[in-house]
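File shown here: structure24.txt, holding compact mmCIF, C-alpha atoms.
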```txt
# COMPACT_ATOMS: atom_id res chain seq x y z
CA MET A 1 -214.71 -85.02 10.41
CA GLN A 2 -214.93 -84.84 14.22
CA PRO A 3 -214.37 -88.13 16.12
CA GLU A 4 -217.78 -87.81 17.81
CA ILE A 5 -219.50 -87.59 14.42
CA ILE A 6 -217.49 -90.52 13.06
CA LEU A 7 -218.55 -92.69 16.01
CA GLU A 8 -222.21 -91.76 15.65
CA ASP A 9 -222.18 -92.37 11.89
CA ILE A 10 -220.62 -95.82 12.30
CA TYR A 11 -223.03 -96.61 15.15
CA ASN A 12 -225.96 -95.79 12.84
CA ILE A 13 -224.49 -97.99 10.10
CA ALA A 14 -224.17 -100.85 12.60
CA GLN A 15 -227.80 -100.37 13.66
CA ILE A 16 -228.96 -100.48 10.03
CA LEU A 17 -226.96 -103.65 9.38
CA ILE A 18 -228.54 -105.33 12.40
CA GLN A 19 -232.06 -104.27 11.44
CA SER A 20 -231.61 -105.50 7.87
CA ASN A 21 -229.81 -108.65 9.06
CA GLN A 22 -226.95 -107.86 6.70
CA PHE A 23 -223.81 -108.02 8.80
CA ARG A 24 -220.37 -107.16 7.47
CA GLN A 25 -219.04 -110.03 5.41
CA PHE A 26 -215.52 -110.52 6.70
CA ASP A 27 -214.02 -113.95 6.25
CA LYS A 28 -215.18 -116.41 8.89
CA THR A 29 -211.89 -116.34 10.81
CA THR A 30 -211.95 -112.55 11.17
CA GLN A 31 -215.61 -112.55 12.17
CA GLU A 32 -214.90 -115.13 14.88
CA LYS A 33 -211.99 -113.09 16.25
CA VAL A 34 -214.12 -109.95 16.53
CA LYS A 35 -217.03 -111.84 18.07
CA LYS A 36 -214.78 -113.52 20.63
CA ILE A 37 -213.20 -110.21 21.67
CA CYS A 38 -216.55 -108.44 21.97
CA ASN A 39 -218.42 -111.21 23.79
CA ASP A 40 -215.84 -112.42 26.31
CA LEU A 41 -217.14 -111.10 29.64
CA ARG A 42 -213.86 -111.92 31.40
CA ASN A 43 -212.04 -109.20 29.48
CA ARG A 44 -213.62 -105.98 28.24
CA ALA A 45 -210.39 -104.07 27.64
CA CYS A 46 -209.47 -105.60 24.26
CA ALA A 47 -212.66 -104.44 22.53
CA ARG A 48 -212.28 -100.90 23.85
CA PHE A 49 -208.58 -100.86 22.92
CA LEU A 50 -209.40 -101.88 19.34
CA MET A 51 -212.12 -99.23 19.10
CA ALA A 52 -209.66 -96.51 20.15
CA CYS A 53 -207.06 -97.71 17.64
CA MET A 54 -209.60 -97.85 14.81
CA LEU A 55 -210.96 -94.40 15.64
CA GLY A 56 -207.42 -93.02 15.62
CA LYS A 57 -206.73 -94.65 12.26
CA ILE A 58 -209.94 -93.26 10.73
CA CYS A 59 -209.20 -89.75 12.00
CA ILE A 60 -205.54 -89.91 10.92
CA PRO A 61 -205.38 -92.05 7.74
CA THR A 62 -201.55 -92.00 7.76
CA ALA A 63 -201.42 -93.43 11.29
CA ASP A 64 -200.34 -97.00 11.96
CA PRO A 65 -203.00 -98.68 14.16
CA ARG A 66 -200.24 -100.80 15.71
CA LYS A 67 -198.66 -97.68 17.19
CA PRO A 68 -201.24 -96.08 19.54
CA TYR A 69 -198.49 -94.75 21.84
CA THR A 70 -196.71 -91.44 21.29
CA GLU A 71 -193.70 -92.89 23.14
CA ILE A 72 -192.97 -95.00 20.07
CA GLY A 73 -192.07 -91.89 18.09
CA GLY A 74 -192.40 -91.21 14.39
CA ASN A 75 -194.98 -89.57 12.17
CA ASP A 76 -197.30 -92.60 12.10
CA CYS A 77 -197.89 -93.04 15.82
CA PHE A 78 -200.74 -91.45 17.80
CA SER A 79 -202.25 -91.33 21.27
CA GLY A 80 -204.80 -94.11 21.49
CA ARG A 81 -205.49 -93.13 25.08
CA LYS A 82 -206.55 -89.66 23.93
CA TYR A 83 -209.16 -91.11 21.56
CA ASP A 84 -210.24 -93.56 24.25
CA GLU A 85 -210.71 -91.06 27.08
CA SER A 86 -211.80 -88.03 25.05
CA TYR A 87 -214.34 -89.71 22.79
CA LEU A 88 -215.09 -93.33 23.67
CA THR A 89 -216.07 -92.77 27.30
CA ALA A 90 -219.00 -90.50 26.47
CA PHE A 91 -219.96 -92.63 23.45
CA ILE A 92 -220.01 -95.86 25.49
CA THR A 93 -222.04 -94.25 28.26
CA LYS A 94 -224.53 -92.69 25.84
CA HIS A 95 -225.29 -95.96 24.07
CA LYS A 96 -224.92 -98.19 27.15
CA LEU A 97 -222.41 -100.40 25.40
CA PRO A 98 -221.21 -103.42 27.42
CA LEU A 99 -217.67 -102.15 28.00
CA ASN A 100 -215.66 -100.91 30.97
CA GLN A 101 -216.26 -97.31 31.99
CA THR A 102 -212.52 -96.59 32.23
CA THR A 103 -209.86 -96.42 29.52
CA ALA A 104 -208.31 -99.64 28.25
CA PHE A 105 -204.92 -97.94 28.23
CA LEU A 106 -204.66 -98.01 32.02
CA THR A 107 -205.16 -101.76 32.28
CA PRO A 108 -201.87 -103.53 33.14
CA THR A 109 -201.50 -105.18 29.73
CA PHE A 110 -201.94 -102.02 27.65
CA ARG A 111 -200.05 -99.67 29.95
CA ASN A 112 -196.57 -98.24 29.30
CA ILE A 113 -195.90 -99.80 25.88
CA ASN A 114 -193.25 -98.12 23.74
CA HIS A 115 -193.06 -100.41 20.70
CA GLU A 116 -195.14 -101.41 17.70
CA LEU A 117 -197.76 -104.11 18.32
CA ASN A 118 -196.84 -106.47 15.49
CA ASN A 119 -197.42 -110.20 15.14
CA ASN A 120 -194.22 -110.91 17.06
CA THR A 121 -195.52 -109.04 20.11
CA THR A 122 -196.66 -111.09 23.11
CA LEU A 123 -198.98 -109.29 25.49
CA VAL A 124 -199.25 -110.74 28.97
CA GLY A 125 -202.90 -110.95 29.93
CA ARG A 126 -205.87 -113.27 30.17
CA PRO A 127 -207.34 -114.85 28.20
CA LYS A 128 -204.17 -115.10 26.09
CA GLU A 129 -206.03 -115.77 22.84
CA LEU A 130 -207.93 -112.47 23.12
CA TYR A 131 -204.71 -110.44 23.12
CA LYS A 132 -203.31 -112.54 20.29
CA ASP A 133 -206.46 -111.91 18.23
CA THR A 134 -206.35 -108.19 19.08
CA ILE A 135 -202.82 -107.86 17.69
CA SER A 136 -203.78 -109.94 14.66
CA LEU A 137 -206.66 -107.58 13.84
CA LEU A 138 -204.43 -104.52 14.27
CA ASN A 139 -202.05 -106.00 11.75
CA ASP A 140 -204.87 -106.84 9.33
CA VAL A 141 -205.79 -103.15 9.27
CA ALA A 142 -202.17 -101.97 9.06
CA GLU A 143 -201.56 -104.26 6.08
CA ASN A 144 -204.82 -103.21 4.34
CA ARG A 145 -206.52 -106.60 4.49
CA ILE A 146 -209.49 -104.91 6.19
CA THR A 147 -210.33 -101.25 6.77
CA ALA A 148 -210.47 -99.49 10.12
CA LYS A 149 -214.04 -98.35 9.42
CA ASP A 150 -215.22 -101.88 8.61
CA LEU A 151 -213.56 -103.30 11.71
CA LEU A 152 -215.03 -100.61 13.97
CA THR A 153 -218.44 -101.25 12.41
CA GLU A 154 -218.12 -104.99 13.03
CA ILE A 155 -217.13 -104.33 16.67
CA LEU A 156 -220.16 -102.10 17.18
CA VAL A 157 -222.47 -104.65 15.56
CA ASN A 158 -221.30 -107.26 18.07
CA LEU A 159 -221.50 -104.90 21.04
CA ILE A 160 -225.00 -103.71 20.14
CA LEU A 161 -226.19 -107.32 19.74
CA LEU A 162 -224.66 -108.21 23.12
CA ARG A 163 -226.20 -105.14 24.77
CA ASN A 164 -229.63 -105.90 23.33
CA GLU A 165 -229.50 -109.54 24.35
CA LYS A 166 -228.48 -108.66 27.91
CA GLN A 167 -231.29 -106.13 28.14
CA ARG A 168 -233.78 -108.69 26.82
CA ARG A 169 -232.76 -111.10 29.57
CA ILE A 170 -233.15 -108.43 32.26
CA ASP A 171 -236.51 -107.31 30.82
CA SER A 172 -237.75 -110.90 30.80
CA LEU A 173 -236.82 -111.38 34.46
CA LEU A 174 -238.42 -108.05 35.38
CA ARG A 175 -241.63 -109.03 33.59
CA SER A 176 -241.71 -112.25 35.58
CA LEU A 177 -241.39 -110.26 38.79
CA GLN A 178 -244.04 -107.76 37.74
CA SER A 179 -246.47 -110.54 36.89
CA GLN A 180 -246.21 -111.66 40.51
CA ASP A 181 -247.23 -108.18 41.68
CA ASN A 182 -250.83 -109.08 40.82
CA THR A 183 -250.72 -111.58 43.70
CA PRO A 184 -248.07 -109.99 45.94
CA THR A 185 -246.29 -111.97 48.62
CA ASP A 186 -245.57 -110.07 51.83
CA ILE A 187 -241.88 -110.95 52.00
CA SER A 188 -240.49 -110.60 55.52
CA SER A 189 -237.39 -108.73 56.65
CA GLU A 190 -235.68 -112.02 57.42
CA ALA A 191 -236.54 -113.34 53.95
CA ILE A 192 -234.89 -110.22 52.51
CA ILE A 193 -231.82 -110.91 54.66
CA THR A 194 -231.67 -114.46 53.29
CA LEU A 195 -232.00 -113.10 49.76
CA LEU A 196 -229.11 -110.67 50.32
CA GLN A 197 -226.96 -113.41 51.88
CA GLN A 198 -227.56 -115.61 48.84
CA HIS A 199 -226.66 -112.72 46.55
CA LEU A 200 -223.47 -111.96 48.49
CA ALA A 201 -222.49 -115.62 48.15
CA CYS A 202 -222.41 -115.32 44.35
CA LYS A 203 -219.16 -114.80 42.47
CA ASN A 204 -217.79 -111.29 41.87
CA SER A 205 -219.99 -109.77 44.57
CA SER A 206 -217.46 -107.33 46.11
CA ARG A 207 -219.51 -104.29 45.04
CA LEU A 208 -222.70 -105.48 46.73
CA PRO A 209 -221.99 -104.29 50.32
CA VAL A 210 -221.73 -100.73 48.97
CA LEU A 211 -225.14 -101.07 47.29
CA ILE A 212 -226.70 -102.71 50.35
CA VAL A 213 -225.85 -99.71 52.52
CA ALA A 214 -226.57 -97.14 49.78
CA ALA A 215 -230.09 -98.57 49.33
CA ALA A 216 -230.74 -98.21 53.06
CA TYR A 217 -229.96 -94.49 52.94
CA ALA A 218 -231.97 -94.10 49.73
CA VAL A 219 -235.22 -95.24 51.37
CA ALA A 220 -234.65 -93.74 54.83
CA LYS A 221 -233.14 -90.36 53.92
CA ASN A 222 -236.32 -88.44 54.77
CA PHE A 223 -236.29 -89.98 58.24
CA LEU A 224 -232.55 -89.63 58.78
CA PHE A 225 -232.24 -86.24 57.04
CA GLU A 226 -229.08 -87.66 55.47
CA GLN A 227 -228.25 -88.90 52.00
CA VAL A 228 -225.50 -90.67 50.09
CA ARG A 229 -223.29 -88.60 47.87
CA PRO A 230 -223.03 -89.92 44.25
CA LEU A 231 -221.28 -93.28 44.12
CA GLN A 232 -217.79 -93.42 42.68
CA ALA A 233 -216.69 -96.05 40.16
CA HIS A 234 -216.07 -99.46 41.67
CA ASN A 235 -212.47 -99.63 40.43
CA ALA A 236 -211.57 -96.01 41.18
CA ALA A 237 -209.13 -95.48 44.04
CA ASP A 238 -210.05 -93.00 46.78
CA ALA A 239 -206.90 -91.02 45.95
CA GLN A 240 -208.15 -90.56 42.37
CA THR A 241 -211.68 -89.51 43.29
CA GLY A 242 -210.87 -87.47 46.39
CA SER A 243 -213.31 -89.59 48.39
CA LEU A 244 -212.66 -90.69 51.95
CA GLY A 245 -214.32 -94.06 51.41
CA ASP A 246 -216.75 -96.15 49.38
CA LEU A 247 -219.79 -94.22 50.64
CA GLU A 248 -219.97 -90.66 51.92
CA ILE A 249 -223.01 -89.49 53.86
CA CYS A 250 -224.02 -85.85 54.24
CA LEU A 251 -227.07 -83.94 55.46
CA ILE A 252 -229.79 -83.43 52.84
CA ASN A 253 -229.09 -80.27 50.81
CA GLU A 254 -225.58 -80.00 52.27
CA GLU A 255 -222.18 -81.06 50.95
CA LYS A 256 -220.33 -81.53 54.26
CA VAL A 257 -219.51 -85.22 54.79
CA LEU A 258 -220.58 -86.51 58.21
CA THR A 259 -220.16 -90.28 57.91
CA VAL A 260 -217.89 -92.40 55.74
CA TYR A 261 -218.29 -96.12 54.99
CA GLU A 262 -215.47 -98.35 53.79
CA MET A 263 -216.42 -101.83 52.60
CA LYS A 264 -214.25 -104.93 53.03
CA THR A 265 -214.93 -108.42 51.70
CA ARG A 266 -212.19 -109.65 54.05
CA GLN A 267 -211.36 -109.19 57.72
CA VAL A 268 -210.62 -105.62 58.78
CA THR A 269 -207.13 -105.21 60.24
CA GLN A 270 -205.45 -102.67 62.48
CA ASP A 271 -203.51 -101.49 59.42
CA ASP A 272 -206.84 -100.67 57.72
CA ILE A 273 -207.81 -98.50 60.69
CA ASP A 274 -204.44 -96.73 60.74
CA ALA A 275 -204.73 -96.08 56.99
CA ALA A 276 -208.20 -94.60 57.50
CA ILE A 277 -206.94 -92.32 60.27
CA HIS A 278 -204.08 -91.13 58.06
CA LYS A 279 -206.50 -90.51 55.17
CA ILE A 280 -208.82 -88.49 57.39
CA SER A 281 -206.01 -86.44 58.94
CA THR A 282 -204.44 -85.54 55.59
CA SER A 283 -207.81 -84.66 54.02
CA GLY A 284 -208.51 -81.89 56.51
CA THR A 285 -212.15 -83.04 56.67
CA LYS A 286 -213.82 -83.26 60.08
CA ILE A 287 -216.30 -86.15 60.10
CA ASN A 288 -218.39 -87.79 62.84
CA ASN A 289 -218.09 -91.48 61.94
CA TYR A 290 -215.81 -93.72 59.91
CA ILE A 291 -217.55 -97.09 59.60
CA PHE A 292 -216.02 -100.28 58.22
CA ILE A 293 -218.57 -102.74 56.82
CA THR A 294 -217.19 -106.26 56.43
CA THR A 295 -218.58 -109.57 55.22
CA GLU A 296 -216.07 -111.50 57.34
CA HIS A 297 -215.59 -112.22 61.05
CA ILE A 298 -214.60 -109.22 63.20
CA LYS A 299 -211.68 -109.89 65.55
CA GLN A 300 -212.26 -108.57 69.03
CA ASP A 301 -208.80 -107.00 69.36
CA VAL A 302 -209.29 -105.07 66.09
CA PHE A 303 -212.79 -104.01 67.20
CA ASP A 304 -211.35 -102.77 70.50
CA TYR A 305 -208.53 -100.93 68.71
CA ALA A 306 -211.06 -99.09 66.55
CA ALA A 307 -213.02 -98.05 69.66
CA SER A 308 -209.83 -96.75 71.29
CA CYS A 309 -209.20 -94.28 68.44
CA TYR A 310 -211.83 -91.76 69.54
CA GLU A 311 -209.42 -89.56 71.48
CA LYS A 312 -206.60 -90.06 68.99
CA THR A 313 -208.81 -88.69 66.22
CA CYS A 314 -210.21 -85.83 68.35
CA GLY A 315 -213.74 -87.17 68.44
CA ILE A 316 -214.19 -89.32 65.32
CA GLU A 317 -215.99 -92.59 65.97
CA ILE A 318 -214.34 -95.52 64.17
CA VAL A 319 -216.32 -98.74 64.23
CA ILE A 320 -216.44 -102.10 62.45
CA LEU A 321 -219.84 -103.58 61.60
CA ASP A 322 -220.88 -106.86 60.05
CA CYS A 323 -222.69 -106.26 56.76
CA ILE A 324 -225.62 -108.61 57.39
CA SER A 325 -226.06 -107.51 61.01
CA PHE A 326 -226.14 -103.90 59.84
CA ILE A 327 -228.86 -104.43 57.27
CA ARG A 328 -230.83 -106.79 59.55
CA TYR A 329 -231.11 -104.11 62.21
CA PHE A 330 -232.01 -101.51 59.59
CA LEU A 331 -234.81 -103.63 58.11
CA HIS A 332 -236.34 -104.29 61.51
CA LEU A 333 -235.96 -100.65 62.56
CA PHE A 334 -237.66 -99.51 59.33
CA HIS A 335 -239.86 -102.57 58.97
CA ARG A 336 -242.59 -100.78 57.00
CA LEU A 337 -239.98 -99.74 54.41
CA ARG A 338 -238.67 -103.25 53.75
CA THR A 339 -240.31 -103.58 50.30
CA GLU A 340 -239.17 -100.07 49.36
CA TYR A 341 -235.67 -101.10 50.46
CA LEU A 342 -235.71 -104.17 48.24
CA ASN A 343 -236.90 -102.09 45.29
CA ALA A 344 -234.20 -99.48 45.93
CA TYR A 345 -231.49 -102.15 46.08
CA GLN A 346 -232.73 -103.63 42.81
CA GLU A 347 -232.79 -100.24 41.11
CA ILE A 348 -229.27 -99.32 42.23
CA LEU A 349 -228.01 -102.79 41.30
CA LEU A 350 -229.39 -102.70 37.75
CA LYS A 351 -227.98 -99.21 37.16
CA GLU A 352 -224.44 -100.28 38.04
CA PRO A 353 -222.09 -100.69 35.06
CA ASP A 354 -221.12 -104.25 34.21
CA SER A 355 -217.56 -103.51 35.31
CA ALA A 356 -218.89 -103.15 38.88
CA VAL A 357 -221.77 -105.65 38.86
CA ASN A 358 -221.70 -108.09 35.98
CA GLN A 359 -224.73 -109.36 34.09
CA PRO A 360 -224.87 -112.82 35.76
CA LEU A 361 -224.91 -111.15 39.19
CA LYS A 362 -227.81 -108.89 38.17
CA GLU A 363 -229.73 -111.82 36.75
CA ALA A 364 -229.01 -113.87 39.87
CA PHE A 365 -230.64 -111.25 42.09
CA LEU A 366 -233.79 -111.06 39.96
CA ALA A 367 -234.07 -114.85 39.91
CA LEU A 368 -233.50 -115.07 43.67
CA ARG A 369 -236.10 -112.37 44.32
CA GLN A 370 -238.63 -114.10 42.09
CA ALA A 371 -238.06 -117.36 43.98
CA ALA A 372 -238.37 -115.63 47.36
CA GLU A 373 -241.57 -113.79 46.48
CA SER A 374 -243.16 -116.86 44.96
CA GLY A 375 -242.43 -118.82 48.13
CA GLU A 376 -240.05 -121.28 46.41
```

Structure rendered as structure tokens:
Amino acid sequence: MQPEIILEDIYNIAQILIQSNQFRQFDKTTQEKVKKICNDLRNRACARFLMACMLGKICIPTADPRKPYTEIGGNDCFSGRKYDESYLTAFITKHKLPLNQTTAFLTPTFRNINHELNNNTTLVGRPKELYKDTISLLNDVAENRITAKDLLTEILVNLILLRNEKQRRIDSLLRSLQSQDNTPTDISSEAIITLLQQHLACKNSSRLPVLIVAAAYAVAKNFLFEQVRPLQAHNAADAQTGSLGDLEICLINEEKVLTVYEMKTRQVTQDDIDAAIHKISTSGTKINNYIFITTEHIKQDVFDYAASCYEKTCGIEIVILDCISFIRYFLHLFHRLRTEYLNAYQEILLKEPDSAVNQPLKEAFLALRQAAESGE
């Protein structure tokens, strides 16, 4: 049976179990291990790693789930990364499962292993207990205490329940916002700035400057005749994607990049500017502007160095802008679009995968917006 069909069949079984409230009856210890791995928001790699190993074991019954690396050698090893990248990525995206969008096998802990993952193996990663439980479950399957199909089903049950609960929370917050629309509050541009500052002050907010600028182009593209090219994954390096920066701007209905934005949640340095110049020169792409957006203080000497690069780059403007100052000017320039801007930011934010913008950060924005629009 094809891996795609296997995944869909097990997903349907998991859905039926949830609907009938008849979950798999592993022993309590095993159930707790699976639940902990699936629900720990600090680490999403272990759940995806286990899914790949179980899928490999189901597809190749003679395989040892503790050997998902071809470098180990032998007839019972297999490429867990192949099952992860070739089948899990599309499956996770299709069903909006709360897992990382990239393979678990490229995370530091699961990379470059050339030995069996038995109970004597110590994986260096956090939280430690998650990796210990992951190896324990692999060994339970290898030693026939549980089956790969049952374990994969149990993982999917937990992931579906987590996904549904997260969506319920978002839907509840959205309903609260929509109920306020019956008595709308005309929120000012400065109130929106305060809202964005509060959101940027939350933990794990490094992706937000990209979304702040992307939302501005989304609502003003018909006035600017420019648009943002599709966003790349938050954790994807420019060298991997072929992008020049975090945001690439081109004319509407054209592919040629005119402006590039690079976001920094720290001070921009002269080395950052030199790296950008090198990246531009080696790409062979002629752009108009390379703009750094930072959430930190801009040093005058670095600002001056960026301005001095115009001739060196044969006519490319390199500039450093403060994130809040940028969006403040935009909101006052396009004052009548301020509500559309806020809606665009919210839409882009909620569409981001949890690996880029986690659930608490999404909920924080909706709660902050509700408070701002209710005048609290």

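Between atom CA of A:Arg44 and atom CA of A:Asn343 lies a distance of 29.1 Å.
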
Discussion item. So that I can check the surroundings of A:Thr153, please list as JSON, numbers by chain every protein, DNA and RNA residue that reaches within 12 Å of it, counting only C-alpha atoms and ignoring chain neighbours fewer than 2 positions away.
Written reply: {"A": [6, 7, 8, 9, 10, 11, 12, 13, 14, 15, 16, 17, 18, 23, 24, 25, 26, 31, 34, 50, 51, 54, 55, 58, 146, 147, 148, 149, 150, 151, 155, 156, 157, 158, 159, 160]}

Discussion item. At a cut-off of 12 Å, using only C-alpha atoms, what residues contact A:Pro353? Leave out same-chain residues fewer than 2 positions from it and give the result as a ChimeraX atom specification.
Written reply: /A:92-93,96-102,163,207,231-235,348-351,355-359,361-362

Selection from above, C-alpha atoms, as a short mmCIF file (atom, residue, chain, number, x, y, z; two decimals), keeping the file's coordinate frame, can you write it?
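Output below, filename out_24.cif:
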```cif
data_model
loop_
_atom_site.label_atom_id
_atom_site.label_comp_id
_atom_site.auth_asym_id
_atom_site.auth_seq_id
_atom_site.Cartn_x
_atom_site.Cartn_y
_atom_site.Cartn_z
CA ILE A 92 -220.01 -95.86 25.49
CA THR A 93 -222.04 -94.25 28.26
CA LYS A 96 -224.92 -98.19 27.15
CA LEU A 97 -222.41 -100.40 25.40
CA PRO A 98 -221.21 -103.42 27.42
CA LEU A 99 -217.67 -102.15 28.00
CA ASN A 100 -215.66 -100.91 30.97
CA GLN A 101 -216.26 -97.31 31.99
CA THR A 102 -212.52 -96.59 32.23
CA ARG A 163 -226.20 -105.14 24.77
CA ARG A 207 -219.51 -104.29 45.04
CA LEU A 231 -221.28 -93.28 44.12
CA GLN A 232 -217.79 -93.42 42.68
CA ALA A 233 -216.69 -96.05 40.16
CA HIS A 234 -216.07 -99.46 41.67
CA ASN A 235 -212.47 -99.63 40.43
CA ILE A 348 -229.27 -99.32 42.23
CA LEU A 349 -228.01 -102.79 41.30
CA LEU A 350 -229.39 -102.70 37.75
CA LYS A 351 -227.98 -99.21 37.16
CA SER A 355 -217.56 -103.51 35.31
CA ALA A 356 -218.89 -103.15 38.88
CA VAL A 357 -221.77 -105.65 38.86
CA ASN A 358 -221.70 -108.09 35.98
CA GLN A 359 -224.73 -109.36 34.09
CA LEU A 361 -224.91 -111.15 39.19
CA LYS A 362 -227.81 -108.89 38.17
#
```

Item to complete: Extract, using all atoms listed in the file, all DNA, RNA and protein residues at most 7 Å from stretch 364-376 of chain A, discarding same-chain residues fewer than 5 positions from it, and format them as a ChimeraX atom specification.
Response: /A:173,177,185,187,195,199

Discussion item. My list of candidates is A:Cys46, A:Pro3, A:Thr265, A:Lys33. Which is closest to A:Lys82 when distances are computed with all atoms listed in the file?
Written reply: A:Pro3

Give, as AutoDock Vina command-line options, the centre coordinates and the x, y and z edge lengths in Å to one decimal for an axis-aligned box around all listed atoms of stretch 208-216 of chain A, padded by 3 Å on each side.
```
--center_x -226.2 --center_y -101.3 --center_z 49.9 --size_x 15.0 --size_y 14.3 --size_z 12.3
```

Worksheet item: Quick one: of A:Cys250, A:Lys312, A:Thr194, A:Arg266, who's nearest to A:Ile324, counting only C-alpha atoms?
Response: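 Looking only at the distances to A:Ile324, the closest residue turns out to be A:Thr194.
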
Worksheet item: With distances taken over only C-alpha atoms, which of A:Ala201, A:Asp354, A:Phe49, A:Leu342 is nearest to A:Gln167?
Response: A:Asp354

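For the pair atom CA of A:Lys203 and atom CA of A:Glu352, the interatomic distance is 16.1 Å.
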
Model the absent atoms of stretch 146-159 of chain A so that N, CA, C and O atoms are present, and write the result as a short mmCIF file (atom, residue, chain, number, x, y, z; two decimals), in the frame of the given file.
```cif
data_model
loop_
_atom_site.label_atom_id
_atom_site.label_comp_id
_atom_site.auth_asym_id
_atom_site.auth_seq_id
_atom_site.Cartn_x
_atom_site.Cartn_y
_atom_site.Cartn_z
N ILE A 146 -208.17 -105.42 5.85
CA ILE A 146 -209.49 -104.91 6.19
C ILE A 146 -209.33 -103.42 6.52
O ILE A 146 -208.22 -102.96 6.81
N THR A 147 -210.41 -102.68 6.48
CA THR A 147 -210.33 -101.25 6.77
C THR A 147 -210.69 -100.98 8.23
O THR A 147 -211.43 -101.75 8.85
N ALA A 148 -210.18 -99.87 8.74
CA ALA A 148 -210.47 -99.49 10.12
C ALA A 148 -211.97 -99.25 10.31
O ALA A 148 -212.55 -99.63 11.33
N LYS A 149 -212.60 -98.63 9.32
CA LYS A 149 -214.04 -98.35 9.42
C LYS A 149 -214.85 -99.64 9.48
O LYS A 149 -215.79 -99.77 10.28
N ASP A 150 -214.49 -100.61 8.61
CA ASP A 150 -215.22 -101.88 8.61
C ASP A 150 -215.03 -102.62 9.94
O ASP A 150 -215.97 -103.23 10.46
N LEU A 151 -213.81 -102.59 10.45
CA LEU A 151 -213.56 -103.30 11.71
C LEU A 151 -214.32 -102.63 12.86
O LEU A 151 -214.93 -103.32 13.68
N LEU A 152 -214.30 -101.30 12.91
CA LEU A 152 -215.03 -100.61 13.97
C LEU A 152 -216.52 -100.88 13.85
O LEU A 152 -217.22 -101.05 14.86
N THR A 153 -217.02 -100.94 12.62
CA THR A 153 -218.44 -101.25 12.41
C THR A 153 -218.76 -102.65 12.92
O THR A 153 -219.77 -102.87 13.59
N GLU A 154 -217.90 -103.60 12.59
CA GLU A 154 -218.12 -104.99 13.03
C GLU A 154 -218.09 -105.09 14.56
O GLU A 154 -218.89 -105.82 15.16
N ILE A 155 -217.19 -104.35 15.19
CA ILE A 155 -217.13 -104.33 16.67
C ILE A 155 -218.43 -103.79 17.23
O ILE A 155 -219.01 -104.36 18.16
N LEU A 156 -218.93 -102.70 16.68
CA LEU A 156 -220.16 -102.10 17.18
C LEU A 156 -221.36 -103.00 16.94
O LEU A 156 -222.26 -103.08 17.78
N VAL A 157 -221.39 -103.69 15.81
CA VAL A 157 -222.47 -104.65 15.56
C VAL A 157 -222.52 -105.68 16.68
O VAL A 157 -223.58 -105.97 17.26
N ASN A 158 -221.36 -106.24 17.03
CA ASN A 158 -221.30 -107.26 18.07
C ASN A 158 -221.66 -106.70 19.45
O ASN A 158 -222.36 -107.36 20.23
N LEU A 159 -221.20 -105.50 19.74
CA LEU A 159 -221.50 -104.90 21.04
C LEU A 159 -222.98 -104.54 21.17
O LEU A 159 -223.58 -104.72 22.24
#
```
